[in-house]
Amino acid sequence: MSALHPDWLNPDRWLACARNADARNVQQALTAECPGIAELAMLLSPAAGMALDRLATRARFLTRRQFGHTIPLYVPLYLSDFCKNGCVYCGFASDRRRPRRRLERDDIIAEMDSLKAMGFEEILLLTGERTPHADFDYIRAAVILAAERFDLVTVEVFPMTREEYHGLSEAGCTGMTMYQETYDPAVYERMHRWGPKRDYQYRLETPARALDAGLRTVGLGALLGLADPAWEVLALFQHVQTLRKQYWRAGISASFPRIRPQLGGFTPPFPVSDRFLVQAICAFRICMPDLPLALSTREPVWFRDGIAGIGINKMSIASRTTVGGYHDGNATDGGQFKVSDSRSIEDFCAMLKNKELEPVFKNWDAAYRDISQSA
Ligand code: SF4
């Protein structure tokens with residue numbers, strides 16, 4: 001779609017196939033020995049949408065073969081909602097009229113203790129853009145506190161320099177998540193009205209920078225609803241493939257967040273149907289059988305219950321998207337977006353067990369941090 005794309009990002013090439021593949025192509029993709037992007041395009045087609053049961057059966061088989069019956073659980077912790085970016089789809093954008101807050105050291109400990117008491121061993125720390133309220137030193141201090149309490153600490157914060165990611169790694173951070181939001185540079189420019197996040201290229205290169213610096217895992221994703229979802233899924237696939245070739249020892253995962261209602265009332269130009277989301281997840285699983293695929297509480301209960309173990313093999317639960325949401329009863333004002341699945345951990349785990357899936361709170365040990373840093 002634009003000359004700004006790096007060479008590896010060319011989903012246009014596959015879009016015709018994603019639109020026009022027929023039932024024969026779908027069968028060919030479902031039975032391919034080593035499916036790649038051509039098969040992914042076929043499985044994203046309307047013809048594949050007519051064969052959703054078959055996609056789901058294949059995805060479920062591959063998920064169980066690769067990950068067994070386990071669903072690792074993680075929980076997000078919002079450290080700060082200060083932001084200077086103008087992302088149209090976000091309740092934390094700097095033009096939203098809302099009280100802002102950051103957690104101080106004691107608050108962070110209280111939140112972490114609450115999450116630890118719930119049983120979590122994997123925590124994802126979040127903020128908005130880099131501001132004087134939440135800068136590198138602040139994130140690093142929070143990582144240190146988290147690493148003292150949790151086996152696995154990852155961050156979803158502003159893009160950092162290589163040196164900063166190295167500093168986070170040394171502080172006990174294992175990985176980072178950075179969604180490109182949209183891989184289409186023109187749409188990206190419209191959706192990110194102001195602030196440092198307008199730099200598409202810098203964001204696109206950030207996961208590679210983090211891996212170069214010593215982080216072990218990266219989570220990628222596109223915020224579905226901003227541009228043609230089939231195109232975005234193809235682009236996400238190419239991003240994963242490219243990183244996997246270059247960083248073959250890294251743990252790369254993908255997510256499929258859909259835009260949720262938020263302060264600001266943004267309506268997505270390309271709303272993504274439930275059926276297409278299932279299709280995209282199953283298609284991704286079929287074409288990348290060993291790639292961890294995560295799903296957050298953005299999605300409603302019935303959807304999460306249905307897709308658990310069918311493509312998706314990692315989930316969050318009991319999430320609050322407000323700063324201080326776990327220990328402060330007053331922290332109930334609108335968060336970054338509206339959570340759809342607000343079940344307790346107990347109820348969620350009972351659902352998983354009913355489906356013969358095993359919730360996993362600990363999937364990594366803090367001792368591995370030193371090993372991976374010295375390797
Ligand atoms: S998506 Fe992130 S960077 Fe954009 S406004 Fe929201 S918090 Fe800020």
# chains A, B, ... in the order shown; residues from 1 in each chain; ligands from 1
call {"tool": "residues_near_ligand", "arguments": {"ligand": "ligand 1", "cutoff": "8 Å", "atoms": "only C-alpha atoms and all ligand atoms", "output": "list of chain:residue names"}}
result
A:Asp81, A:Phe82, A:Cys83, A:Lys84, A:Asn85, A:Gly86, A:Cys87, A:Val88, A:Tyr89, A:Cys90, A:Gly91, A:Phe92, A:Ala93, A:Ser94, A:Thr127, A:Gly128, A:Glu129, A:Val157, A:Phe158, A:His192, A:Lys197, A:Gln336
call {"tool": "write_last_selection", "arguments": {"atoms": "C-alpha atoms", "output": "short mmCIF file (atom, residue, chain, number, x, y, z; two decimals), in the first residue's frame"}}
result
data_model
loop_
_atom_site.label_atom_id
_atom_site.label_comp_id
_atom_site.auth_asym_id
_atom_site.auth_seq_id
_atom_site.Cartn_x
_atom_site.Cartn_y
_atom_site.Cartn_z
CA ASP A 81 -2.56 6.44 32.24
CA PHE A 82 -0.64 9.60 31.39
CA CYS A 83 -0.11 9.83 27.66
CA LYS A 84 0.85 12.45 25.09
CA ASN A 85 -0.27 10.57 22.01
CA GLY A 86 -3.47 11.09 20.08
CA CYS A 87 -4.52 7.55 19.16
CA VAL A 88 -8.13 7.94 18.03
CA TYR A 89 -9.19 4.54 19.41
CA CYS A 90 -7.88 4.87 22.96
CA GLY A 91 -9.44 6.09 26.19
CA PHE A 92 -6.02 7.28 27.43
CA ALA A 93 -5.34 9.62 24.44
CA SER A 94 -4.17 13.02 25.61
CA THR A 127 1.69 2.47 30.48
CA GLY A 128 0.99 4.94 27.71
CA GLU A 129 3.67 6.98 25.93
CA VAL A 157 4.90 0.34 27.21
CA PHE A 158 6.39 2.98 24.88
CA HIS A 192 -2.28 8.49 15.36
CA LYS A 197 3.72 7.26 18.21
CA GLN A 336 -8.09 2.17 28.40
#
call {"tool": "select_by_dssp", "arguments": {"residues": "segment 55-285 of chain A", "states": "alpha helix (DSSP H)", "output": "number ranges by chain"}}
result
A: 55-67, 105-118, 136-147, 162-171, 185-191, 200-212, 229-246, 274-285
call {"tool": "closest_atom_pairs", "arguments": {"of": "segment 158-267 of chain A", "to": "segment 299-302 of chain A", "cutoff": "12 Å", "atoms": "only C-alpha atoms", "output": "tab-separated table"}}
result
residue	atom	partner	partner_atom	distance
A:Ser255	CA	A:Glu299	CA	11.9
A:Phe256	CA	A:Glu299	CA	10.0
A:Pro257	CA	A:Glu299	CA	8.2
A:Arg258	CA	A:Glu299	CA	7.9
A:Ile259	CA	A:Glu299	CA	9.7
A:Arg260	CA	A:Glu299	CA	8.6
A:Pro261	CA	A:Glu299	CA	11.5
call {"tool": "atom_distance", "arguments": {"atom1": "atom CA of Gln66 of chain A", "atom2": "atom CA of Leu30 of chain A"}}
result
17.1 Å
call {"tool": "select_by_dssp", "arguments": {"residues": "segment 51-291 of chain A", "states": "strand (DSSP E or B)", "output": "MDAnalysis selection string"}}
result
chainID A and resid 70:78 80 87 102 122:126 152:156 175:177 181 192 217:222 224 251:255 258
call {"tool": "write_last_selection", "arguments": {"atoms": "N, CA and C atoms", "output": "CSV table (one decimal), in the first residue's frame"}}
result
chain,number,residue,atom,x,y,z
A,70,THR,N,-3.0,-27.2,27.9
A,70,THR,CA,-2.7,-26.1,28.8
A,70,THR,C,-3.1,-24.8,28.3
A,71,ILE,N,-3.5,-23.9,29.2
A,71,ILE,CA,-3.8,-22.5,28.9
A,71,ILE,C,-3.0,-21.6,29.9
A,72,PRO,N,-1.8,-21.2,29.6
A,72,PRO,CA,-1.2,-20.2,30.5
A,72,PRO,C,-2.0,-19.0,30.7
A,73,LEU,N,-2.0,-18.5,32.0
A,73,LEU,CA,-2.8,-17.3,32.3
A,73,LEU,C,-1.8,-16.1,32.6
A,74,TYR,N,-2.2,-14.9,32.2
A,74,TYR,CA,-1.4,-13.7,32.6
A,74,TYR,C,-2.4,-12.6,33.0
A,75,VAL,N,-1.8,-11.6,33.6
A,75,VAL,CA,-2.7,-10.5,34.0
A,75,VAL,C,-2.0,-9.2,33.7
A,76,PRO,N,-2.7,-8.2,33.2
A,76,PRO,CA,-2.1,-6.9,33.0
A,76,PRO,C,-2.2,-6.0,34.2
A,77,LEU,N,-1.2,-5.2,34.4
A,77,LEU,CA,-1.2,-4.2,35.5
A,77,LEU,C,-0.9,-2.8,34.9
A,78,TYR,N,-1.9,-1.9,34.9
A,78,TYR,CA,-1.7,-0.6,34.4
A,78,TYR,C,-1.0,0.3,35.4
A,80,SER,N,0.3,3.5,34.8
A,80,SER,CA,0.0,4.9,34.6
A,80,SER,C,-0.9,5.1,33.4
A,87,CYS,N,-3.9,8.7,19.8
A,87,CYS,CA,-4.5,7.5,19.2
A,87,CYS,C,-6.0,7.7,19.2
A,102,ARG,N,-0.7,8.0,38.2
A,102,ARG,CA,0.3,6.9,38.1
A,102,ARG,C,0.4,6.3,39.5
A,122,GLU,N,2.6,-14.6,36.1
A,122,GLU,CA,3.0,-13.9,34.9
A,122,GLU,C,2.3,-12.5,34.9
A,123,ILE,N,3.0,-11.5,34.8
A,123,ILE,CA,2.4,-10.1,34.9
A,123,ILE,C,2.9,-9.3,33.7
A,124,LEU,N,2.0,-8.5,33.2
A,124,LEU,CA,2.3,-7.6,32.0
A,124,LEU,C,2.1,-6.2,32.5
A,125,LEU,N,3.2,-5.4,32.5
A,125,LEU,CA,3.1,-4.0,33.0
A,125,LEU,C,2.9,-3.1,31.9
A,126,LEU,N,1.9,-2.2,32.0
A,126,LEU,CA,1.5,-1.3,30.9
A,126,LEU,C,1.5,0.2,31.3
A,152,LEU,N,7.5,-14.4,35.8
A,152,LEU,CA,7.6,-13.9,34.4
A,152,LEU,C,7.0,-12.5,34.4
A,153,VAL,N,7.9,-11.5,34.0
A,153,VAL,CA,7.6,-10.1,33.9
A,153,VAL,C,7.8,-9.7,32.5
A,154,THR,N,6.7,-9.1,31.9
A,154,THR,CA,6.8,-8.5,30.5
A,154,THR,C,6.2,-7.1,30.6
A,155,VAL,N,6.5,-6.3,29.5
A,155,VAL,CA,6.0,-4.9,29.5
A,155,VAL,C,5.3,-4.6,28.2
A,156,GLU,N,4.3,-3.8,28.3
A,156,GLU,CA,3.7,-3.2,27.1
A,156,GLU,C,3.6,-1.7,27.3
A,175,GLY,N,10.2,-10.1,28.5
A,175,GLY,CA,9.7,-9.8,27.2
A,175,GLY,C,8.9,-8.5,27.1
A,176,MET,N,8.5,-8.3,25.9
A,176,MET,CA,7.7,-7.1,25.6
A,176,MET,C,6.6,-7.4,24.6
A,177,THR,N,5.5,-6.6,24.7
A,177,THR,CA,4.5,-6.6,23.7
A,177,THR,C,4.4,-5.3,23.0
A,181,GLU,N,-0.6,-1.9,15.7
A,181,GLU,CA,-1.9,-1.3,15.6
A,181,GLU,C,-2.5,-1.5,14.2
A,192,HIS,N,-3.2,8.0,14.3
A,192,HIS,CA,-2.3,8.5,15.4
A,192,HIS,C,-2.0,10.0,15.1
A,217,THR,N,11.3,-12.6,24.7
A,217,THR,CA,10.0,-12.8,24.0
A,217,THR,C,9.4,-11.4,23.5
A,218,VAL,N,8.7,-11.5,22.4
A,218,VAL,CA,8.0,-10.3,21.9
A,218,VAL,C,6.6,-10.8,21.5
A,219,GLY,N,5.6,-10.0,21.8
A,219,GLY,CA,4.2,-10.2,21.4
A,219,GLY,C,3.8,-9.2,20.3
A,220,LEU,N,3.3,-9.7,19.2
A,220,LEU,CA,3.0,-8.8,18.1
A,220,LEU,C,1.4,-8.8,17.9
A,221,GLY,N,0.9,-7.8,17.2
A,221,GLY,CA,-0.5,-7.8,17.0
A,221,GLY,C,-0.9,-6.6,16.1
A,222,ALA,N,-2.1,-6.7,15.5
A,222,ALA,CA,-2.7,-5.5,14.9
A,222,ALA,C,-4.0,-5.3,15.6
A,224,LEU,N,-7.4,-4.9,15.3
A,224,LEU,CA,-8.3,-5.2,14.2
A,224,LEU,C,-9.5,-4.2,14.2
A,251,GLY,N,11.1,-16.1,21.7
A,251,GLY,CA,9.7,-16.6,21.8
A,251,GLY,C,8.8,-15.5,21.2
A,252,ILE,N,8.2,-15.8,20.1
A,252,ILE,CA,7.4,-14.8,19.5
A,252,ILE,C,5.9,-15.2,19.6
A,253,SER,N,5.0,-14.3,19.9
A,253,SER,CA,3.6,-14.7,20.0
A,253,SER,C,2.8,-13.6,19.3
A,254,ALA,N,1.5,-13.9,19.1
A,254,ALA,CA,0.7,-13.0,18.4
A,254,ALA,C,-0.7,-12.9,19.1
A,255,SER,N,-1.3,-11.7,18.9
A,255,SER,CA,-2.7,-11.5,19.5
A,255,SER,C,-3.5,-10.9,18.4
A,258,ARG,N,-9.5,-6.8,19.1
A,258,ARG,CA,-10.5,-6.0,18.3
A,258,ARG,C,-10.7,-4.7,19.1
call {"tool": "atom_distance", "arguments": {"atom1": "atom CA of Trp231 of chain A", "atom2": "atom CA of Pro11 of chain A"}}
result
6.1 Å
call {"tool": "residues_around", "arguments": {"residues": "segment 113-117 of chain A", "least_positions_apart": "6", "cutoff": "8 Å", "atoms": "only C-alpha atoms", "output": "number ranges by chain"}}
result
A: 75, 149-150, 326-327
call {"tool": "atom_distance", "arguments": {"atom1": "atom CA of Asp106 of chain A", "atom2": "atom CA of Leu145 of chain A"}}
result
10.3 Å
call {"tool": "closest_atom_pairs", "arguments": {"of": "segment 193-212 of chain A", "to": "segment 247-250 of chain A", "cutoff": "9 Å", "atoms": "only C-alpha atoms", "output": "JSON lines"}}
result
{"residue": "A:Ala208", "atom": "CA", "partner": "A:Tyr247", "partner_atom": "CA", "distance": 8.2}
{"residue": "A:Leu211", "atom": "CA", "partner": "A:Ala250", "partner_atom": "CA", "distance": 7.3}
{"residue": "A:Asp212", "atom": "CA", "partner": "A:Tyr247", "partner_atom": "CA", "distance": 8.4}
call {"tool": "write_last_selection", "arguments": {"atoms": "N, CA and C atoms", "output": "compact mmCIF listing (two decimals), in the first residue's frame"}}
result
# COMPACT_ATOMS: atom_id res chain seq x y z
N ALA A 208 12.24 -5.91 17.06
CA ALA A 208 13.58 -6.41 16.71
C ALA A 208 14.63 -5.77 17.62
N LEU A 211 14.61 -7.51 20.97
CA LEU A 211 15.26 -8.82 20.93
C LEU A 211 16.77 -8.68 20.81
N ASP A 212 17.20 -7.72 20.00
CA ASP A 212 18.64 -7.44 19.89
C ASP A 212 19.23 -7.12 21.25
call {"tool": "closest_residue", "arguments": {"among": "A:Trp14, A:Trp194, A:Phe67, A:Trp364", "to": "Asp95 of chain A", "atoms": "only C-alpha atoms"}}
result
A:Trp194
call {"tool": "residues_around", "arguments": {"residues": "Asp53 of chain A", "least_positions_apart": "3", "cutoff": "12 Å", "atoms": "only C-alpha atoms", "output": "JSON, numbers by chain"}}
result
{"A": [30, 48, 49, 50, 56, 57, 58, 59, 60, 275, 278, 279, 282, 283, 310]}
call {"tool": "write_last_selection", "arguments": {"atoms": "N, CA and C atoms", "output": "PDB file, in the first residue's frame"}}
result
ATOM      1  N   LEU A  30      -5.888 -26.603   3.737  1.00  0.00           N
ATOM      2  CA  LEU A  30      -6.125 -27.396   4.952  1.00  0.00           C
ATOM      3  C   LEU A  30      -5.273 -28.660   4.986  1.00  0.00           C
ATOM      4  N   ALA A  48     -13.265 -19.936   2.686  1.00  0.00           N
ATOM      5  CA  ALA A  48     -12.850 -20.608   3.925  1.00  0.00           C
ATOM      6  C   ALA A  48     -13.823 -20.285   5.055  1.00  0.00           C
ATOM      7  N   GLY A  49     -14.395 -19.085   4.993  1.00  0.00           N
ATOM      8  CA  GLY A  49     -15.395 -18.727   6.010  1.00  0.00           C
ATOM      9  C   GLY A  49     -16.593 -19.664   5.979  1.00  0.00           C
ATOM     10  N   MET A  50     -16.877 -20.222   4.782  1.00  0.00           N
ATOM     11  CA  MET A  50     -17.982 -21.180   4.656  1.00  0.00           C
ATOM     12  C   MET A  50     -17.601 -22.548   5.238  1.00  0.00           C
ATOM     13  N   ALA A  56     -11.761 -24.907  12.272  1.00  0.00           N
ATOM     14  CA  ALA A  56     -11.705 -25.009  13.735  1.00  0.00           C
ATOM     15  C   ALA A  56     -11.229 -26.389  14.172  1.00  0.00           C
ATOM     16  N   THR A  57     -11.697 -27.418  13.474  1.00  0.00           N
ATOM     17  CA  THR A  57     -11.266 -28.785  13.821  1.00  0.00           C
ATOM     18  C   THR A  57      -9.763 -28.937  13.636  1.00  0.00           C
ATOM     19  N   ARG A  58      -9.265 -28.426  12.522  1.00  0.00           N
ATOM     20  CA  ARG A  58      -7.822 -28.526  12.238  1.00  0.00           C
ATOM     21  C   ARG A  58      -7.025 -27.687  13.263  1.00  0.00           C
ATOM     22  N   ALA A  59      -7.518 -26.495  13.550  1.00  0.00           N
ATOM     23  CA  ALA A  59      -6.811 -25.610  14.498  1.00  0.00           C
ATOM     24  C   ALA A  59      -6.776 -26.246  15.884  1.00  0.00           C
ATOM     25  N   ARG A  60      -7.856 -26.849  16.280  1.00  0.00           N
ATOM     26  CA  ARG A  60      -7.923 -27.481  17.603  1.00  0.00           C
ATOM     27  C   ARG A  60      -6.935 -28.649  17.678  1.00  0.00           C
ATOM     28  N   ARG A 275     -17.285 -14.102  13.418  1.00  0.00           N
ATOM     29  CA  ARG A 275     -16.918 -15.215  12.525  1.00  0.00           C
ATOM     30  C   ARG A 275     -15.552 -14.993  11.894  1.00  0.00           C
ATOM     31  N   VAL A 278     -12.742 -15.599  14.445  1.00  0.00           N
ATOM     32  CA  VAL A 278     -12.490 -17.041  14.624  1.00  0.00           C
ATOM     33  C   VAL A 278     -11.695 -17.568  13.422  1.00  0.00           C
ATOM     34  N   GLN A 279     -12.122 -17.176  12.240  1.00  0.00           N
ATOM     35  CA  GLN A 279     -11.453 -17.646  11.020  1.00  0.00           C
ATOM     36  C   GLN A 279      -9.981 -17.234  11.001  1.00  0.00           C
ATOM     37  N   CYS A 282      -7.986 -19.273  13.585  1.00  0.00           N
ATOM     38  CA  CYS A 282      -7.791 -20.660  13.124  1.00  0.00           C
ATOM     39  C   CYS A 282      -6.809 -20.708  11.961  1.00  0.00           C
ATOM     40  N   ALA A 283      -6.927 -19.762  11.030  1.00  0.00           N
ATOM     41  CA  ALA A 283      -6.031 -19.740   9.867  1.00  0.00           C
ATOM     42  C   ALA A 283      -4.588 -19.535  10.321  1.00  0.00           C
ATOM     43  N   ILE A 310      -8.923 -23.720  20.827  1.00  0.00           N
ATOM     44  CA  ILE A 310      -9.088 -23.832  19.358  1.00  0.00           C
ATOM     45  C   ILE A 310      -8.278 -22.689  18.759  1.00  0.00           C
TER      46      ILE A 310
END
call {"tool": "residues_around", "arguments": {"residues": "Gly167 of chain A", "least_positions_apart": "4", "cutoff": "8 Å", "atoms": "only C-alpha atoms", "output": "number ranges by chain"}}
result
A: 140, 163, 171
call {"tool": "residues_around", "arguments": {"residues": "Asp305 of chain A", "least_positions_apart": "2", "cutoff": "12 Å", "atoms": "only C-alpha atoms", "output": "ChimeraX atom specification"}}
result
/A:71,295-297,299-303,307-310,312-313,315,317,341,343,347-357
call {"tool": "closest_residue", "arguments": {"among": "A:Val339, A:Leu263, A:Ala213, A:Val272", "to": "Gly225 of chain A", "atoms": "only C-alpha atoms"}}
result
A:Val272
call {"tool": "closest_residue", "arguments": {"among": "A:Glu358, A:Asp365, A:Asp290, A:Asp151", "to": "Phe61 of chain A", "atoms": "only C-alpha atoms"}}
result
A:Asp290
call {"tool": "residues_around", "arguments": {"residues": "Ala41 of chain A", "least_positions_apart": "2", "cutoff": "10 Å", "atoms": "only C-alpha atoms", "output": "list of chain:residue names"}}
result
A:Pro11, A:Arg13, A:Trp14, A:Leu15, A:Ala16, A:Cys17, A:Ala18, A:Arg19, A:Asn20, A:Ala21, A:Asn25, A:Val26, A:Ala29, A:Gly36, A:Ile37, A:Ala38, A:Glu39, A:Leu43, A:Leu44, A:Ser45, A:Ala48, A:Ala230, A:Trp231, A:Val233, A:Leu234, A:Ala280, A:Ala283, A:Phe284, A:Cys287
call {"tool": "write_last_selection", "arguments": {"atoms": "C-alpha atoms", "output": "mmCIF file, in the first residue's frame"}}
result
data_model
loop_
_atom_site.group_PDB
_atom_site.id
_atom_site.type_symbol
_atom_site.label_atom_id
_atom_site.label_comp_id
_atom_site.auth_asym_id
_atom_site.auth_seq_id
_atom_site.Cartn_x
_atom_site.Cartn_y
_atom_site.Cartn_z
ATOM 1 C CA PRO A 11 0.531 -8.314 1.920
ATOM 2 C CA ARG A 13 0.506 -9.581 -3.145
ATOM 3 C CA TRP A 14 -1.702 -12.054 -1.319
ATOM 4 C CA LEU A 15 -4.874 -10.049 -1.029
ATOM 5 C CA ALA A 16 -6.437 -11.255 -4.289
ATOM 6 C CA CYS A 17 -6.067 -14.823 -3.055
ATOM 7 C CA ALA A 18 -7.651 -13.886 0.277
ATOM 8 C CA ARG A 19 -10.616 -12.505 -1.645
ATOM 9 C CA ASN A 20 -10.980 -15.020 -4.456
ATOM 10 C CA ALA A 21 -9.819 -18.428 -3.238
ATOM 11 C CA ASN A 25 -7.982 -23.822 -2.652
ATOM 12 C CA VAL A 26 -9.348 -24.087 0.894
ATOM 13 C CA ALA A 29 -4.584 -25.135 2.309
ATOM 14 C CA GLY A 36 2.750 -20.575 4.548
ATOM 15 C CA ILE A 37 1.400 -17.196 3.568
ATOM 16 C CA ALA A 38 -0.230 -18.482 0.362
ATOM 17 C CA GLU A 39 -2.270 -20.954 2.418
ATOM 18 C CA LEU A 43 -7.851 -19.626 4.662
ATOM 19 C CA LEU A 44 -8.804 -15.973 5.115
ATOM 20 C CA SER A 45 -11.078 -16.069 2.078
ATOM 21 C CA ALA A 48 -12.850 -20.608 3.925
ATOM 22 C CA ALA A 230 -7.477 -9.795 6.024
ATOM 23 C CA TRP A 231 -4.692 -7.464 4.909
ATOM 24 C CA VAL A 233 -3.586 -10.529 9.358
ATOM 25 C CA LEU A 234 -1.380 -11.192 6.312
ATOM 26 C CA ALA A 280 -8.337 -15.472 11.352
ATOM 27 C CA ALA A 283 -6.031 -19.740 9.867
ATOM 28 C CA PHE A 284 -3.041 -18.391 11.785
ATOM 29 C CA CYS A 287 -0.211 -21.866 9.140
#
call {"tool": "closest_residue", "arguments": {"among": "A:Gln28, A:Thr206, A:Ser273, A:Ser316", "to": "Ser342 of chain A", "atoms": "only C-alpha atoms"}}
result
A:Ser316
call {"tool": "closest_residue", "arguments": {"among": "A:Ile281, A:Ala142, A:Arg304, A:Phe270", "to": "Glu111 of chain A", "atoms": "only C-alpha atoms"}}
result
A:Ala142
